[in-house]
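Pasted below: protein.cif, mmCIF, N, CA and C atoms.
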data_work
#
loop_
_atom_site.label_atom_id
_atom_site.label_comp_id
_atom_site.auth_asym_id
_atom_site.auth_seq_id
_atom_site.Cartn_x
_atom_site.Cartn_y
_atom_site.Cartn_z
N MET Y 67 0.85 -1.17 0.00
CA MET Y 67 0.00 0.00 0.00
C MET Y 67 0.89 1.24 0.00
N LEU Y 68 0.61 2.15 -0.85
CA LEU Y 68 1.35 3.39 -0.92
C LEU Y 68 0.70 4.39 0.03
N ILE Y 69 1.48 4.97 0.91
CA ILE Y 69 0.93 5.98 1.82
C ILE Y 69 1.40 7.35 1.39
N HIS Y 70 0.51 8.33 1.57
CA HIS Y 70 0.80 9.69 1.15
C HIS Y 70 0.59 10.69 2.27
N THR Y 71 -0.49 10.58 3.01
CA THR Y 71 -0.85 11.62 3.97
C THR Y 71 -0.17 11.41 5.31
N ALA Y 72 -0.14 12.49 6.08
CA ALA Y 72 0.43 12.41 7.43
C ALA Y 72 -0.31 11.38 8.26
N SER Y 73 -1.61 11.34 8.14
CA SER Y 73 -2.41 10.38 8.90
C SER Y 73 -2.03 8.95 8.57
N GLU Y 74 -1.86 8.66 7.29
CA GLU Y 74 -1.46 7.31 6.88
C GLU Y 74 -0.06 6.97 7.41
N GLY Y 75 0.85 7.93 7.35
CA GLY Y 75 2.21 7.70 7.85
C GLY Y 75 2.24 7.44 9.34
N ILE Y 76 1.45 8.20 10.08
CA ILE Y 76 1.39 8.03 11.53
C ILE Y 76 0.77 6.68 11.87
N SER Y 77 -0.30 6.33 11.19
CA SER Y 77 -0.96 5.04 11.44
C SER Y 77 -0.01 3.89 11.15
N PHE Y 78 0.75 3.99 10.07
CA PHE Y 78 1.69 2.92 9.73
C PHE Y 78 2.81 2.84 10.78
N ALA Y 79 3.33 4.00 11.20
CA ALA Y 79 4.38 4.01 12.22
C ALA Y 79 3.89 3.35 13.50
N LYS Y 80 2.68 3.68 13.91
CA LYS Y 80 2.13 3.07 15.14
C LYS Y 80 1.97 1.56 14.98
N ALA Y 81 1.53 1.12 13.82
CA ALA Y 81 1.36 -0.32 13.59
C ALA Y 81 2.71 -1.03 13.63
N LEU Y 82 3.75 -0.43 13.04
CA LEU Y 82 5.09 -1.01 13.10
C LEU Y 82 5.57 -1.12 14.55
N GLU Y 83 5.34 -0.06 15.32
CA GLU Y 83 5.77 -0.06 16.72
C GLU Y 83 5.07 -1.15 17.52
N GLU Y 84 3.78 -1.32 17.30
CA GLU Y 84 3.04 -2.36 18.03
C GLU Y 84 3.51 -3.76 17.63
N GLU Y 85 3.77 -3.95 16.34
CA GLU Y 85 4.25 -5.25 15.87
C GLU Y 85 5.63 -5.56 16.45
N ALA Y 86 6.51 -4.56 16.46
CA ALA Y 86 7.84 -4.76 17.03
C ALA Y 86 7.75 -5.00 18.54
N ALA Y 87 6.89 -4.28 19.22
CA ALA Y 87 6.71 -4.47 20.67
C ALA Y 87 6.25 -5.89 20.97
N ALA Y 88 5.33 -6.39 20.17
CA ALA Y 88 4.86 -7.77 20.37
C ALA Y 88 6.00 -8.76 20.18
N PHE Y 89 6.85 -8.52 19.18
CA PHE Y 89 8.01 -9.40 19.00
C PHE Y 89 8.90 -9.37 20.24
N TYR Y 90 9.22 -8.18 20.73
CA TYR Y 90 10.13 -8.09 21.88
C TYR Y 90 9.54 -8.77 23.12
N GLU Y 91 8.24 -8.67 23.29
CA GLU Y 91 7.61 -9.34 24.42
C GLU Y 91 7.73 -10.86 24.28
N GLU Y 92 7.47 -11.38 23.09
CA GLU Y 92 7.58 -12.83 22.86
C GLU Y 92 9.03 -13.30 22.94
N ALA Y 93 9.93 -12.55 22.35
CA ALA Y 93 11.34 -12.96 22.32
C ALA Y 93 11.96 -12.92 23.71
N ALA Y 94 11.39 -12.13 24.61
CA ALA Y 94 11.93 -12.05 25.98
C ALA Y 94 11.83 -13.39 26.70
N GLU Y 95 10.97 -14.27 26.21
CA GLU Y 95 10.89 -15.60 26.80
C GLU Y 95 12.17 -16.38 26.51
N ARG Y 96 12.78 -16.14 25.35
CA ARG Y 96 14.03 -16.81 24.99
C ARG Y 96 15.25 -16.02 25.46
N LEU Y 97 15.11 -14.71 25.46
CA LEU Y 97 16.21 -13.82 25.85
C LEU Y 97 15.72 -12.87 26.96
N PRO Y 98 15.81 -13.27 28.20
CA PRO Y 98 15.32 -12.42 29.29
C PRO Y 98 15.96 -11.03 29.31
N GLU Y 99 17.15 -10.91 28.73
CA GLU Y 99 17.81 -9.61 28.68
C GLU Y 99 16.99 -8.60 27.89
N LEU Y 100 16.19 -9.07 26.95
CA LEU Y 100 15.32 -8.15 26.20
C LEU Y 100 14.29 -7.50 27.12
N ARG Y 101 13.78 -8.26 28.07
CA ARG Y 101 12.82 -7.70 29.01
C ARG Y 101 13.51 -6.62 29.85
N GLU Y 102 14.74 -6.89 30.27
CA GLU Y 102 15.49 -5.93 31.07
C GLU Y 102 15.75 -4.65 30.29
N ARG Y 103 15.92 -4.77 28.99
CA ARG Y 103 16.18 -3.58 28.17
C ARG Y 103 14.91 -2.78 27.91
N ARG Y 104 13.78 -3.36 28.15
CA ARG Y 104 12.47 -2.68 28.07
C ARG Y 104 12.17 -2.11 26.67
N TYR Y 105 12.59 -2.84 25.64
CA TYR Y 105 12.36 -2.39 24.28
C TYR Y 105 10.87 -2.31 23.94
N ALA Y 106 10.09 -3.28 24.38
CA ALA Y 106 8.66 -3.26 24.07
C ALA Y 106 8.01 -2.00 24.65
N GLU Y 107 8.36 -1.65 25.86
CA GLU Y 107 7.82 -0.44 26.47
C GLU Y 107 8.25 0.80 25.69
N GLU Y 108 9.51 0.81 25.28
CA GLU Y 108 10.00 1.95 24.52
C GLU Y 108 9.29 2.05 23.17
N ASN Y 109 9.02 0.92 22.53
CA ASN Y 109 8.28 0.94 21.26
C ASN Y 109 6.92 1.59 21.46
N ARG Y 110 6.25 1.24 22.53
CA ARG Y 110 4.92 1.82 22.79
C ARG Y 110 5.02 3.31 23.10
N ARG Y 111 6.10 3.73 23.74
CA ARG Y 111 6.31 5.16 23.96
C ARG Y 111 6.55 5.87 22.63
N PHE Y 112 7.31 5.24 21.73
CA PHE Y 112 7.51 5.83 20.41
C PHE Y 112 6.17 6.03 19.70
N ALA Y 113 5.32 5.00 19.74
CA ALA Y 113 4.00 5.09 19.10
C ALA Y 113 3.19 6.23 19.71
N SER Y 114 3.24 6.34 21.01
CA SER Y 114 2.51 7.40 21.72
C SER Y 114 3.06 8.78 21.35
N THR Y 115 4.37 8.90 21.26
CA THR Y 115 5.00 10.17 20.89
C THR Y 115 4.57 10.59 19.49
N VAL Y 116 4.62 9.67 18.56
CA VAL Y 116 4.24 9.97 17.19
C VAL Y 116 2.78 10.43 17.14
N GLN Y 117 1.90 9.73 17.83
CA GLN Y 117 0.48 10.10 17.85
C GLN Y 117 0.29 11.47 18.50
N ARG Y 118 0.96 11.73 19.61
CA ARG Y 118 0.82 13.01 20.31
C ARG Y 118 1.29 14.17 19.43
N VAL Y 119 2.45 14.02 18.81
CA VAL Y 119 2.97 15.09 17.96
C VAL Y 119 2.01 15.34 16.80
N TYR Y 120 1.52 14.29 16.22
CA TYR Y 120 0.56 14.42 15.12
C TYR Y 120 -0.66 15.20 15.56
N GLN Y 121 -1.24 14.83 16.70
CA GLN Y 121 -2.45 15.49 17.17
C GLN Y 121 -2.21 16.95 17.55
N GLU Y 122 -1.01 17.25 18.01
CA GLU Y 122 -0.70 18.62 18.41
C GLU Y 122 -0.51 19.56 17.24
N VAL Y 123 -0.04 19.06 16.11
CA VAL Y 123 0.35 19.98 15.04
C VAL Y 123 -0.43 19.83 13.74
N ILE Y 124 -1.16 18.77 13.58
CA ILE Y 124 -1.78 18.53 12.29
C ILE Y 124 -2.93 19.52 12.03
N THR Y 125 -3.05 19.91 10.79
CA THR Y 125 -4.15 20.78 10.37
C THR Y 125 -4.80 20.16 9.15
N ASP Y 126 -5.99 20.64 8.84
CA ASP Y 126 -6.67 20.14 7.65
C ASP Y 126 -5.86 20.41 6.40
N ALA Y 127 -5.14 21.52 6.37
CA ALA Y 127 -4.34 21.85 5.19
C ALA Y 127 -3.25 20.82 4.97
N ILE Y 128 -2.57 20.42 6.04
CA ILE Y 128 -1.52 19.42 5.89
C ILE Y 128 -2.13 18.06 5.58
N GLU Y 129 -3.20 17.72 6.31
CA GLU Y 129 -3.83 16.42 6.11
C GLU Y 129 -4.33 16.27 4.68
N GLY Y 130 -4.86 17.36 4.13
CA GLY Y 130 -5.36 17.28 2.77
C GLY Y 130 -4.25 17.17 1.75
N GLY Y 131 -3.06 17.62 2.13
CA GLY Y 131 -1.91 17.56 1.23
C GLY Y 131 -1.21 16.22 1.35
N TYR Y 132 -0.22 16.08 0.57
CA TYR Y 132 0.55 14.85 0.57
C TYR Y 132 1.95 15.15 1.09
N CYS Y 133 2.38 14.39 2.06
CA CYS Y 133 3.72 14.62 2.60
C CYS Y 133 4.60 13.38 2.51
N PHE Y 134 4.02 12.24 2.15
CA PHE Y 134 4.80 11.01 2.04
C PHE Y 134 4.55 10.34 0.70
N GLU Y 135 5.54 9.61 0.29
CA GLU Y 135 5.38 8.67 -0.80
C GLU Y 135 6.18 7.44 -0.39
N LEU Y 136 5.55 6.65 0.46
CA LEU Y 136 6.19 5.49 1.06
C LEU Y 136 5.38 4.24 0.74
N GLU Y 137 6.06 3.23 0.27
CA GLU Y 137 5.41 1.94 -0.01
C GLU Y 137 5.57 1.07 1.23
N THR Y 138 4.45 0.75 1.86
CA THR Y 138 4.50 0.00 3.12
C THR Y 138 5.14 -1.37 2.97
N ASP Y 139 5.03 -1.97 1.80
CA ASP Y 139 5.64 -3.30 1.60
C ASP Y 139 7.16 -3.26 1.77
N GLU Y 140 7.77 -2.10 1.57
CA GLU Y 140 9.21 -1.98 1.75
C GLU Y 140 9.62 -1.97 3.22
N TYR Y 141 8.64 -1.81 4.11
CA TYR Y 141 8.94 -1.69 5.53
C TYR Y 141 8.21 -2.74 6.36
N ARG Y 142 7.93 -3.85 5.77
CA ARG Y 142 7.32 -4.95 6.51
C ARG Y 142 8.35 -5.55 7.46
N LEU Y 143 7.94 -5.77 8.69
CA LEU Y 143 8.86 -6.41 9.62
C LEU Y 143 8.95 -7.89 9.28
N PRO Y 144 10.15 -8.43 9.36
CA PRO Y 144 10.32 -9.85 9.02
C PRO Y 144 9.56 -10.74 10.00
N LEU Y 145 9.07 -11.85 9.50
CA LEU Y 145 8.34 -12.79 10.35
C LEU Y 145 9.32 -13.60 11.17
N TRP Y 146 8.88 -13.95 12.36
CA TRP Y 146 9.71 -14.75 13.26
C TRP Y 146 8.90 -15.94 13.71
N ASP Y 147 9.46 -17.12 13.54
CA ASP Y 147 8.80 -18.34 13.99
C ASP Y 147 9.19 -18.58 15.45
N ARG Y 148 8.34 -18.13 16.32
CA ARG Y 148 8.62 -18.20 17.76
C ARG Y 148 8.90 -19.63 18.22
N ALA Y 149 8.16 -20.57 17.70
CA ALA Y 149 8.30 -21.96 18.13
C ALA Y 149 9.65 -22.54 17.72
N ALA Y 150 10.14 -22.16 16.56
CA ALA Y 150 11.38 -22.75 16.04
C ALA Y 150 12.61 -21.92 16.37
N GLY Y 151 12.42 -20.68 16.80
CA GLY Y 151 13.54 -19.78 16.98
C GLY Y 151 14.30 -19.99 18.28
N SER Y 152 15.61 -19.92 18.17
CA SER Y 152 16.48 -20.00 19.34
C SER Y 152 16.70 -18.59 19.89
N ALA Y 153 17.42 -18.50 20.98
CA ALA Y 153 17.76 -17.20 21.54
C ALA Y 153 18.59 -16.40 20.53
N ASN Y 154 19.51 -17.07 19.87
CA ASN Y 154 20.34 -16.41 18.87
C ASN Y 154 19.50 -15.93 17.68
N ASP Y 155 18.51 -16.74 17.28
CA ASP Y 155 17.61 -16.34 16.21
C ASP Y 155 16.83 -15.09 16.61
N ALA Y 156 16.38 -15.04 17.85
CA ALA Y 156 15.64 -13.88 18.33
C ALA Y 156 16.49 -12.62 18.29
N LEU Y 157 17.73 -12.75 18.65
CA LEU Y 157 18.63 -11.61 18.63
C LEU Y 157 18.87 -11.13 17.20
N ARG Y 158 19.11 -12.05 16.28
CA ARG Y 158 19.29 -11.67 14.87
C ARG Y 158 18.00 -11.04 14.31
N HIS Y 159 16.86 -11.58 14.74
CA HIS Y 159 15.59 -11.02 14.29
C HIS Y 159 15.40 -9.60 14.82
N ALA Y 160 15.76 -9.37 16.07
CA ALA Y 160 15.65 -8.03 16.64
C ALA Y 160 16.50 -7.04 15.84
N ILE Y 161 17.68 -7.45 15.44
CA ILE Y 161 18.56 -6.60 14.64
C ILE Y 161 17.90 -6.27 13.30
N SER Y 162 17.29 -7.26 12.67
CA SER Y 162 16.64 -7.00 11.38
C SER Y 162 15.43 -6.09 11.54
N ILE Y 163 14.70 -6.22 12.64
CA ILE Y 163 13.56 -5.33 12.91
C ILE Y 163 14.06 -3.88 13.04
N GLU Y 164 15.11 -3.70 13.80
CA GLU Y 164 15.62 -2.34 14.01
C GLU Y 164 16.06 -1.71 12.70
N LYS Y 165 16.66 -2.48 11.82
CA LYS Y 165 17.09 -1.94 10.52
C LYS Y 165 15.90 -1.48 9.70
N VAL Y 166 14.82 -2.25 9.72
CA VAL Y 166 13.61 -1.86 8.99
C VAL Y 166 13.01 -0.59 9.59
N MET Y 167 12.93 -0.55 10.91
CA MET Y 167 12.33 0.61 11.59
C MET Y 167 13.15 1.88 11.33
N ILE Y 168 14.46 1.76 11.38
CA ILE Y 168 15.32 2.91 11.11
C ILE Y 168 15.12 3.39 9.67
N ALA Y 169 15.05 2.46 8.73
CA ALA Y 169 14.84 2.83 7.33
C ALA Y 169 13.51 3.56 7.15
N PHE Y 170 12.44 3.05 7.77
CA PHE Y 170 11.14 3.70 7.65
C PHE Y 170 11.17 5.11 8.23
N TYR Y 171 11.59 5.24 9.49
CA TYR Y 171 11.57 6.55 10.13
C TYR Y 171 12.51 7.54 9.44
N SER Y 172 13.63 7.07 8.93
CA SER Y 172 14.56 7.97 8.23
C SER Y 172 13.92 8.49 6.94
N GLN Y 173 13.35 7.59 6.16
CA GLN Y 173 12.72 7.99 4.90
C GLN Y 173 11.53 8.90 5.14
N ALA Y 174 10.69 8.55 6.11
CA ALA Y 174 9.51 9.37 6.41
C ALA Y 174 9.94 10.75 6.92
N ARG Y 175 10.94 10.79 7.77
CA ARG Y 175 11.46 12.07 8.27
C ARG Y 175 11.93 12.94 7.12
N ASP Y 176 12.72 12.36 6.23
CA ASP Y 176 13.26 13.12 5.11
C ASP Y 176 12.16 13.64 4.18
N GLN Y 177 11.15 12.82 3.93
CA GLN Y 177 10.08 13.23 3.03
C GLN Y 177 9.20 14.33 3.63
N ALA Y 178 8.97 14.29 4.92
CA ALA Y 178 8.08 15.27 5.56
C ALA Y 178 8.81 16.53 5.98
N ASP Y 179 10.11 16.53 5.93
CA ASP Y 179 10.92 17.62 6.49
C ASP Y 179 10.58 18.98 5.91
N GLY Y 180 10.36 19.09 4.64
CA GLY Y 180 10.06 20.38 4.03
C GLY Y 180 8.65 20.88 4.26
N LEU Y 181 7.77 20.02 4.77
CA LEU Y 181 6.37 20.39 4.91
C LEU Y 181 5.95 20.63 6.36
N MET Y 182 6.63 20.00 7.29
CA MET Y 182 6.27 20.08 8.70
C MET Y 182 7.54 20.19 9.51
N ALA Y 183 7.39 20.55 10.77
CA ALA Y 183 8.56 20.59 11.65
C ALA Y 183 8.52 19.50 12.70
N ASP Y 184 7.40 19.39 13.40
CA ASP Y 184 7.35 18.53 14.58
C ASP Y 184 7.41 17.04 14.27
N ILE Y 185 6.70 16.60 13.25
CA ILE Y 185 6.71 15.16 12.94
C ILE Y 185 8.10 14.73 12.48
N PRO Y 186 8.76 15.43 11.56
CA PRO Y 186 10.11 15.02 11.21
C PRO Y 186 11.07 15.07 12.41
N ARG Y 187 10.89 16.04 13.28
CA ARG Y 187 11.75 16.12 14.46
C ARG Y 187 11.54 14.90 15.35
N ALA Y 188 10.28 14.53 15.59
CA ALA Y 188 9.99 13.35 16.41
C ALA Y 188 10.53 12.09 15.75
N PHE Y 189 10.36 11.97 14.45
CA PHE Y 189 10.89 10.81 13.74
C PHE Y 189 12.42 10.77 13.85
N GLY Y 190 13.07 11.93 13.79
CA GLY Y 190 14.52 11.98 13.91
C GLY Y 190 15.00 11.51 15.28
N VAL Y 191 14.27 11.88 16.32
CA VAL Y 191 14.62 11.42 17.68
C VAL Y 191 14.48 9.91 17.75
N ILE Y 192 13.42 9.37 17.17
CA ILE Y 192 13.22 7.92 17.18
C ILE Y 192 14.34 7.23 16.40
N VAL Y 193 14.75 7.79 15.27
CA VAL Y 193 15.86 7.21 14.50
C VAL Y 193 17.12 7.17 15.36
N ARG Y 194 17.42 8.26 16.04
CA ARG Y 194 18.63 8.31 16.87
C ARG Y 194 18.58 7.25 17.97
N LYS Y 195 17.43 7.12 18.63
CA LYS Y 195 17.30 6.13 19.70
C LYS Y 195 17.37 4.70 19.14
N ARG Y 196 16.77 4.49 18.00
CA ARG Y 196 16.80 3.16 17.40
C ARG Y 196 18.21 2.80 16.93
N ARG Y 197 18.95 3.76 16.43
CA ARG Y 197 20.34 3.48 16.05
C ARG Y 197 21.15 3.05 17.28
N GLY Y 198 20.90 3.70 18.41
CA GLY Y 198 21.55 3.28 19.65
C GLY Y 198 21.15 1.88 20.05
N ARG Y 199 19.88 1.57 19.88
CA ARG Y 199 19.40 0.22 20.18
C ARG Y 199 20.04 -0.80 19.25
N LEU Y 200 20.13 -0.46 17.96
CA LEU Y 200 20.76 -1.35 16.99
C LEU Y 200 22.22 -1.61 17.36
N GLU Y 201 22.94 -0.56 17.72
CA GLU Y 201 24.33 -0.74 18.14
C GLU Y 201 24.42 -1.67 19.36
N ASP Y 202 23.52 -1.49 20.31
CA ASP Y 202 23.48 -2.34 21.50
C ASP Y 202 23.23 -3.80 21.12
N LEU Y 203 22.26 -4.03 20.25
CA LEU Y 203 21.93 -5.40 19.84
C LEU Y 203 23.08 -6.02 19.05
N GLU Y 204 23.70 -5.26 18.16
CA GLU Y 204 24.82 -5.80 17.38
C GLU Y 204 26.01 -6.12 18.27
N ALA Y 205 26.27 -5.28 19.25
CA ALA Y 205 27.37 -5.56 20.19
C ALA Y 205 27.05 -6.81 21.00
N TRP Y 206 25.81 -6.95 21.40
CA TRP Y 206 25.39 -8.13 22.14
C TRP Y 206 25.56 -9.39 21.30
N ALA Y 207 25.17 -9.28 20.02
CA ALA Y 207 25.25 -10.44 19.11
C ALA Y 207 26.70 -10.87 18.85
N THR Y 208 27.60 -9.91 18.87
CA THR Y 208 29.00 -10.23 18.61
C THR Y 208 29.78 -10.49 19.89
N GLY Y 209 29.10 -10.36 21.03
CA GLY Y 209 29.75 -10.63 22.31
C GLY Y 209 30.62 -9.49 22.81
N THR Y 210 30.44 -8.30 22.24
CA THR Y 210 31.24 -7.16 22.68
C THR Y 210 30.49 -6.25 23.62
N ALA Y 211 29.28 -6.64 23.98
CA ALA Y 211 28.47 -5.79 24.89
C ALA Y 211 28.76 -6.12 26.33
#

Same coordinates, now as structure tokens:
Amino acid sequence: MLIHTASEGISFAKALEEEAAAFYEEAAERLPELRERRYAEENRRFASTVQRVYQEVITDAIEGGYCFELETDEYRLPLWDRAAGSANDALRHAISIEKVMIAFYSQARDQADGLMADIPRAFGVIVRKRRGRLEDLEAWATGTA
């Protein structure tokens, strides 16, 4: 599905965050360290932040216009077979999720930047935090954490 409006972009971002949060909650059964890192809670805070910023700044003029040209199929989170996955599989899956989320938020931020201020700023903060999370996960996966 191709998304164009701010509303569609926000709805898609929230759906990605909820899907990723559900993964982190399930994967914490294999990797208790994920629960300690509280990624699922942070994902839900990201979704809440995106929704709050949208509600605070959106106008009919922006909503009626187009600020995104994003194909949602390019940002589908990879599927994880919980039953067959090992702890190591969960960690690799978490890394792949973060890469998709960073790509989505970076592209959406860049596309909306010339039309709005607050939504691209919020997306930029999420990108920065997710990059830190990705670095943490990659260090953990390589045993350097």

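Residues surrounding Phe134 in chain Y within 7 Å are Ile69, His70, Thr71, Ala72, Ala174, Gln177 and Ala178 of chain Y [all atoms listed in the file; sequence separation below 4 positions excluded].
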
Go ahead and dump the residues you just picked, N, CA and C atoms, as a short mmCIF file (atom, residue, chain, number, x, y, z; two decimals), in the frame of the given file.
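To be explicit, this is the file written out as selection-v5.cif:
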data_model
loop_
_atom_site.label_atom_id
_atom_site.label_comp_id
_atom_site.auth_asym_id
_atom_site.auth_seq_id
_atom_site.Cartn_x
_atom_site.Cartn_y
_atom_site.Cartn_z
N ILE Y 69 1.48 4.97 0.91
CA ILE Y 69 0.93 5.98 1.82
C ILE Y 69 1.40 7.35 1.39
N HIS Y 70 0.51 8.33 1.57
CA HIS Y 70 0.80 9.69 1.15
C HIS Y 70 0.59 10.69 2.27
N THR Y 71 -0.49 10.58 3.01
CA THR Y 71 -0.85 11.62 3.97
C THR Y 71 -0.17 11.41 5.31
N ALA Y 72 -0.14 12.49 6.08
CA ALA Y 72 0.43 12.41 7.43
C ALA Y 72 -0.31 11.38 8.26
N ALA Y 174 10.69 8.55 6.11
CA ALA Y 174 9.51 9.37 6.41
C ALA Y 174 9.94 10.75 6.92
N GLN Y 177 11.15 12.82 3.93
CA GLN Y 177 10.08 13.23 3.03
C GLN Y 177 9.20 14.33 3.63
N ALA Y 178 8.97 14.29 4.92
CA ALA Y 178 8.08 15.27 5.56
C ALA Y 178 8.81 16.53 5.98
#

Exercise. So which residues get picked by the PyMOL selection byres (((chain Y and resi 75 and name CA) around 12) and name CA) here, written as a ChimeraX atom specification?
Worked result: /Y:67-74,76-82,113,116-117,120,129,132-138,141,170-171,173-175,177-178,185-186,189

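Atom pair CA of Ala153 in chain Y / atom C of Ala94 in chain Y: separated by 8.7 Å.
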
For this session: Mind checking which residues fall within 8 Å of Ala160 in chain Y, counting all atoms listed in the file, ignoring those fewer than 6 positions away in the same chain, and posting them as a PyMOL selection string?
Result: chain Y and resi 89-90+154+166+199-200+203-204

Go ahead and save the residues from that selection, with N, CA and C atoms, as a compact mmCIF listing (two decimals), keeping the file's coordinate frame.
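What landed in selection36.txt:
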# COMPACT_ATOMS: atom_id res chain seq x y z
N PHE Y 89 6.85 -8.52 19.18
CA PHE Y 89 8.01 -9.40 19.00
C PHE Y 89 8.90 -9.37 20.24
N TYR Y 90 9.22 -8.18 20.73
CA TYR Y 90 10.13 -8.09 21.88
C TYR Y 90 9.54 -8.77 23.12
N ASN Y 154 19.51 -17.07 19.87
CA ASN Y 154 20.34 -16.41 18.87
C ASN Y 154 19.50 -15.93 17.68
N VAL Y 166 14.82 -2.25 9.72
CA VAL Y 166 13.61 -1.86 8.99
C VAL Y 166 13.01 -0.59 9.59
N ARG Y 199 19.88 1.57 19.88
CA ARG Y 199 19.40 0.22 20.18
C ARG Y 199 20.04 -0.80 19.25
N LEU Y 200 20.13 -0.46 17.96
CA LEU Y 200 20.76 -1.35 16.99
C LEU Y 200 22.22 -1.61 17.36
N LEU Y 203 22.26 -4.03 20.25
CA LEU Y 203 21.93 -5.40 19.84
C LEU Y 203 23.08 -6.02 19.05
N GLU Y 204 23.70 -5.26 18.16
CA GLU Y 204 24.82 -5.80 17.38
C GLU Y 204 26.01 -6.12 18.27

Problem set entry | DSSP alpha helix (DSSP H) selection over chain Y, as a ChimeraX atom specification | /Y:72-93,98-103,105-123,126-130,153-178,184-208

Just the strand (DSSP E or B) stuff from range 67-182 of chain Y, please, per backbone DSSP, written as an mmCIF file with N, CA and C atoms, keeping the file's coordinate frame.
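This went into selection.cif:
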data_model
loop_
_atom_site.group_PDB
_atom_site.id
_atom_site.type_symbol
_atom_site.label_atom_id
_atom_site.label_comp_id
_atom_site.auth_asym_id
_atom_site.auth_seq_id
_atom_site.Cartn_x
_atom_site.Cartn_y
_atom_site.Cartn_z
ATOM 1 N N LEU Y 68 0.610 2.150 -0.850
ATOM 2 C CA LEU Y 68 1.350 3.390 -0.920
ATOM 3 C C LEU Y 68 0.700 4.390 0.030
ATOM 4 N N ILE Y 69 1.480 4.970 0.910
ATOM 5 C CA ILE Y 69 0.930 5.980 1.820
ATOM 6 C C ILE Y 69 1.400 7.350 1.390
ATOM 7 N N LEU Y 136 5.550 6.650 0.460
ATOM 8 C CA LEU Y 136 6.190 5.490 1.060
ATOM 9 C C LEU Y 136 5.380 4.240 0.740
ATOM 10 N N GLU Y 137 6.060 3.230 0.270
ATOM 11 C CA GLU Y 137 5.410 1.940 -0.010
ATOM 12 C C GLU Y 137 5.570 1.070 1.230
#

Problem set entry | Contact residues around range 97-101 of chain Y with all atoms listed in the file at 8 Å, ignoring same-chain residues under 2 positions, as a count of residues only | 15

Exercise. Looking at Y:Asn109, Y:Arg142, Y:Asp155, Y:Glu122, which one is nearest to Lys195 in chain Y, with distances taken over only C-alpha atoms?
Worked result: Y:Asn109

Exercise. Using only N, CA and C atoms, what residues lie at most 7 Å away from (1.1, 22.5, 12.0) (file coordinates), given as a ChimeraX atom specification?
Worked result: /Y:122-125,182-183

With N, CA and C atoms retained, write the just-selected residues as a tab-separated table (two decimals), in the coordinates of the input.
chain	number	residue	atom	x	y	z
Y	122	GLU	N	-1.01	17.25	18.01
Y	122	GLU	CA	-0.70	18.62	18.41
Y	122	GLU	C	-0.51	19.56	17.24
Y	123	VAL	N	-0.04	19.06	16.11
Y	123	VAL	CA	0.35	19.98	15.04
Y	123	VAL	C	-0.43	19.83	13.74
Y	124	ILE	N	-1.16	18.77	13.58
Y	124	ILE	CA	-1.78	18.53	12.29
Y	124	ILE	C	-2.93	19.52	12.03
Y	125	THR	N	-3.05	19.91	10.79
Y	125	THR	CA	-4.15	20.78	10.37
Y	125	THR	C	-4.80	20.16	9.15
Y	182	MET	N	6.63	20.00	7.29
Y	182	MET	CA	6.27	20.08	8.70
Y	182	MET	C	7.54	20.19	9.51
Y	183	ALA	N	7.39	20.55	10.77
Y	183	ALA	CA	8.56	20.59	11.65
Y	183	ALA	C	8.52	19.50	12.70

Centre and edges of the range 96-107 of chain Y box, axis-aligned, 8 Å extra per side, as JSON:
{"center_x": 12.8, "center_y": -8.0, "center_z": 27.5, "size_x": 26.0, "size_y": 33.6, "size_z": 23.1}

Exercise. When you draw a straight line from CA of Glu108 in chain Y to CA of Gly180 in chain Y, how long is it in Å?
Worked result: 27.6 Å

Problem set entry | Non-local contacts of Arg110 in chain Y (7 Å; only C-alpha atoms; under 5 positions in same chain excluded) as a PyMOL selection string | chain Y and resi 83-84+87

For this session: Work out how far apart atom C of Arg197 in chain Y and atom N of Glu102 in chain Y are and give it in Å to one decimal.
Result: 17.6 Å

For this session: Could you give me, as a VMD selection string, the residues within 9 Å of His159 in chain Y, counting only C-alpha atoms and dropping anything in the same chain fewer than 5 positions from it?
Result: chain Y and resid 144 to 146 154 164

Problem set entry | Nearest residue to Ala169 in chain Y from the set Y:Gly151, Y:Glu85, Y:Ala205, Y:Val193 (distances using all atoms listed in the file) | Y:Val193
